[in-house]
Amino acid sequence: MFNRISFQTTILICSFAALPALAAPDQIGLAHTVRNNVSQVEPKISKIMAGDDVVRDEVVQTLDDSGAKLVLKDSTNLILGPNSKLKLDKAVFSDEKSLGDIAIKLTGGSFRFVTGNSAKESYKITTPIATMGVRGTTLDFDIKQYSNMVVLKDGQASVCAGGNCVELLKVGDTAVVKVDGARIDIQLQPSSTWSFDASCNGMCGPVSFAEAQNSLTTGSIGGQGGGASGSGGGGTTGSIISGGSNSGTLPPQTTGRGGVSSSLLAPGLGSASFSQVSPF
């Protein structure tokens with residue numbers, strides 16, 4: 001009886017030892033600026049701090065009076081306004097400066113997108129009801145449940161929805177996409193009364209990935225960038241998070257990249273209502 005029990009225990013230990021190690025997430029950029037409540041909701045739930053890694057297949061969400069600037073390795077800038085949510089659906093880097101392929105899904109809210117050093121055909125930006133192609137571009141997005149607005153700030157872009165496309169060729173050109181039942185309409189307007197500028201809060205000036213990394217090492221963002229620890233990832237201090245009540249210390253029941261906080265998340269932000277039109 002003693003020998004049998006010992007044998008079974010040995011087999012159990014060997015089985016655990018044979019389990020493959022979990023692969024580390026692929027780092028594709030970093031969070032350059034974080035304002036108030038910004039969190040990762042996929043692949044896990046954690047608070048994002050300035051200096052944290054941005055990883056492939058990550059879903060980022062901001063809450064009220066919050067925002068973030070994400071800088072990818074090819075120097076693509078993604079700025080999120082309040083109550084916004086996006087997924088870095090795919091990003092494959094051929095080297096430190098250029099992307100082989102990148103896909104970004106804007107689920108809801110407001111955004112500014114600035115292309116980086118990658119070939120323009122590498123980028124694919126989608127919303128629940130529209131698809132964008134870019135050609136050296138800065139675009140502003142206002143994504144609502146039944147309407148999308150895309151405003152050209154620089155460069156050129158094409159926006160397609162419902163089987164039709166419009167070309168944004170001049171600064172201010174605006175694509176307006178609306179859903180009416182099962183029908184999706186798209187129109188080109190020469191200007192828009194809406195602009196993302198009101199949501200910038202000092203974040204809209206584009207920076208290169210090298211500049212973002214340098215700000216980590218010089219102390220303007222934090223002492224140890226790109227971390228994924230439970231204490232906030234990037235060696236972040238109170239002076240890093242602009243305009244936030246979270247400066248200095250994390251709020252109660254809140255942890256950094258390794259932890260979970262129910263106070264960070266707004267249930268269902270921009271998800272269920274969009275899926276009835278074009279699910280991701």
# chains A, B, ... in the order shown; residues from 1 in each chain; ligands from 1
>>> residues_around(residues="Asn164 (chain A)", least_positions_apart="6", cutoff="10 Å", atoms="only C-alpha atoms", output="ChimeraX atom specification")
/A:130,184-187
>>> closest_atom_pairs(of="region 104-138 of chain A", to="region 51-72 of chain A", cutoff="12 Å", atoms="only C-alpha atoms", output="Markdown table")
| residue | atom | partner | partner_atom | distance |
| --- | --- | --- | --- | --- |
| A:Ile104 | CA | A:Asp57 | CA | 9.3 |
| A:Lys105 | CA | A:Val59 | CA | 9.1 |
| A:Leu106 | CA | A:Val59 | CA | 9.8 |
| A:Thr107 | CA | A:Val59 | CA | 9.7 |
| A:Gly108 | CA | A:Gln61 | CA | 9.5 |
| A:Gly109 | CA | A:Thr62 | CA | 9.0 |
| A:Ser110 | CA | A:Gly67 | CA | 9.8 |
| A:Phe111 | CA | A:Gly67 | CA | 9.5 |
| A:Arg112 | CA | A:Lys69 | CA | 9.3 |
| A:Phe113 | CA | A:Leu70 | CA | 9.9 |
| A:Val114 | CA | A:Val71 | CA | 9.7 |
| A:Thr115 | CA | A:Leu72 | CA | 9.8 |
| A:Gly116 | CA | A:Leu72 | CA | 8.1 |
| A:Asn117 | CA | A:Leu72 | CA | 10.0 |
| A:Ser118 | CA | A:Leu72 | CA | 10.6 |
>>> atom_distance(atom1="CA of Ala103 (chain A)", atom2="CA of Val179 (chain A)")
23.1 Å
>>> atom_distance(atom1="CA of Ser195 (chain A)", atom2="CA of Leu152 (chain A)")
10.1 Å
>>> select_by_dssp(residues="region 3-172 of chain A", states="strand (DSSP E)", output="number ranges by chain")
A: 27-35, 38-42, 46-47, 53-55, 59-62, 67-72, 77-80, 85-93, 99-114, 123-126, 131-143, 147-161, 164-168
>>> atom_distance(atom1="CA of Lys90 (chain A)", atom2="CA of Gly202 (chain A)")
27.7 Å
>>> residues_around(residues="Asp173 (chain A)", least_positions_apart="5", cutoff="12 Å", atoms="only C-alpha atoms", output="ChimeraX atom specification")
/A:138-140,149-159,166-168,187-195
>>> write_last_selection(atoms="C-alpha atoms", output="PDB file, in the first residue's frame")
ATOM      1  CA  THR A 138      -4.186  61.686 -38.856  1.00  0.00           C
ATOM      2  CA  LEU A 139      -7.817  60.781 -38.238  1.00  0.00           C
ATOM      3  CA  ASP A 140     -10.323  61.657 -35.524  1.00  0.00           C
ATOM      4  CA  MET A 149     -17.881  60.017 -37.727  1.00  0.00           C
ATOM      5  CA  VAL A 150     -14.370  60.057 -39.216  1.00  0.00           C
ATOM      6  CA  VAL A 151     -12.672  63.437 -39.626  1.00  0.00           C
ATOM      7  CA  LEU A 152      -9.489  63.898 -41.676  1.00  0.00           C
ATOM      8  CA  LYS A 153      -6.890  66.018 -39.862  1.00  0.00           C
ATOM      9  CA  ASP A 154      -3.924  65.290 -42.147  1.00  0.00           C
ATOM     10  CA  GLY A 155      -3.076  63.144 -45.170  1.00  0.00           C
ATOM     11  CA  GLN A 156      -5.707  61.069 -46.990  1.00  0.00           C
ATOM     12  CA  ALA A 157      -7.988  58.152 -46.181  1.00  0.00           C
ATOM     13  CA  SER A 158     -10.853  56.078 -47.525  1.00  0.00           C
ATOM     14  CA  VAL A 159     -13.838  55.024 -45.439  1.00  0.00           C
ATOM     15  CA  VAL A 166     -15.911  57.821 -49.661  1.00  0.00           C
ATOM     16  CA  GLU A 167     -12.486  59.420 -50.069  1.00  0.00           C
ATOM     17  CA  LEU A 168     -11.179  61.892 -47.495  1.00  0.00           C
ATOM     18  CA  GLN A 187     -21.969  60.323 -46.693  1.00  0.00           C
ATOM     19  CA  LEU A 188     -19.069  62.683 -47.340  1.00  0.00           C
ATOM     20  CA  GLN A 189     -19.224  66.112 -45.724  1.00  0.00           C
ATOM     21  CA  PRO A 190     -16.712  68.951 -46.281  1.00  0.00           C
ATOM     22  CA  SER A 191     -16.438  69.714 -42.564  1.00  0.00           C
ATOM     23  CA  SER A 192     -17.582  68.687 -39.108  1.00  0.00           C
ATOM     24  CA  THR A 193     -18.770  70.579 -36.070  1.00  0.00           C
ATOM     25  CA  TRP A 194     -17.173  67.878 -33.879  1.00  0.00           C
ATOM     26  CA  SER A 195     -13.460  67.583 -33.169  1.00  0.00           C
TER      27      SER A 195
END
>>> select_by_dssp(residues="region 26-248 of chain A", states="helix (DSSP H, G or I)", output="PyMOL selection string")
chain A and resi 120-122+196-199+209-217
>>> closest_residue(among="A:Ala210, A:Cys204, A:Ile129, A:Ile102", to="Thr33 (chain A)", atoms="only C-alpha atoms")
A:Cys204
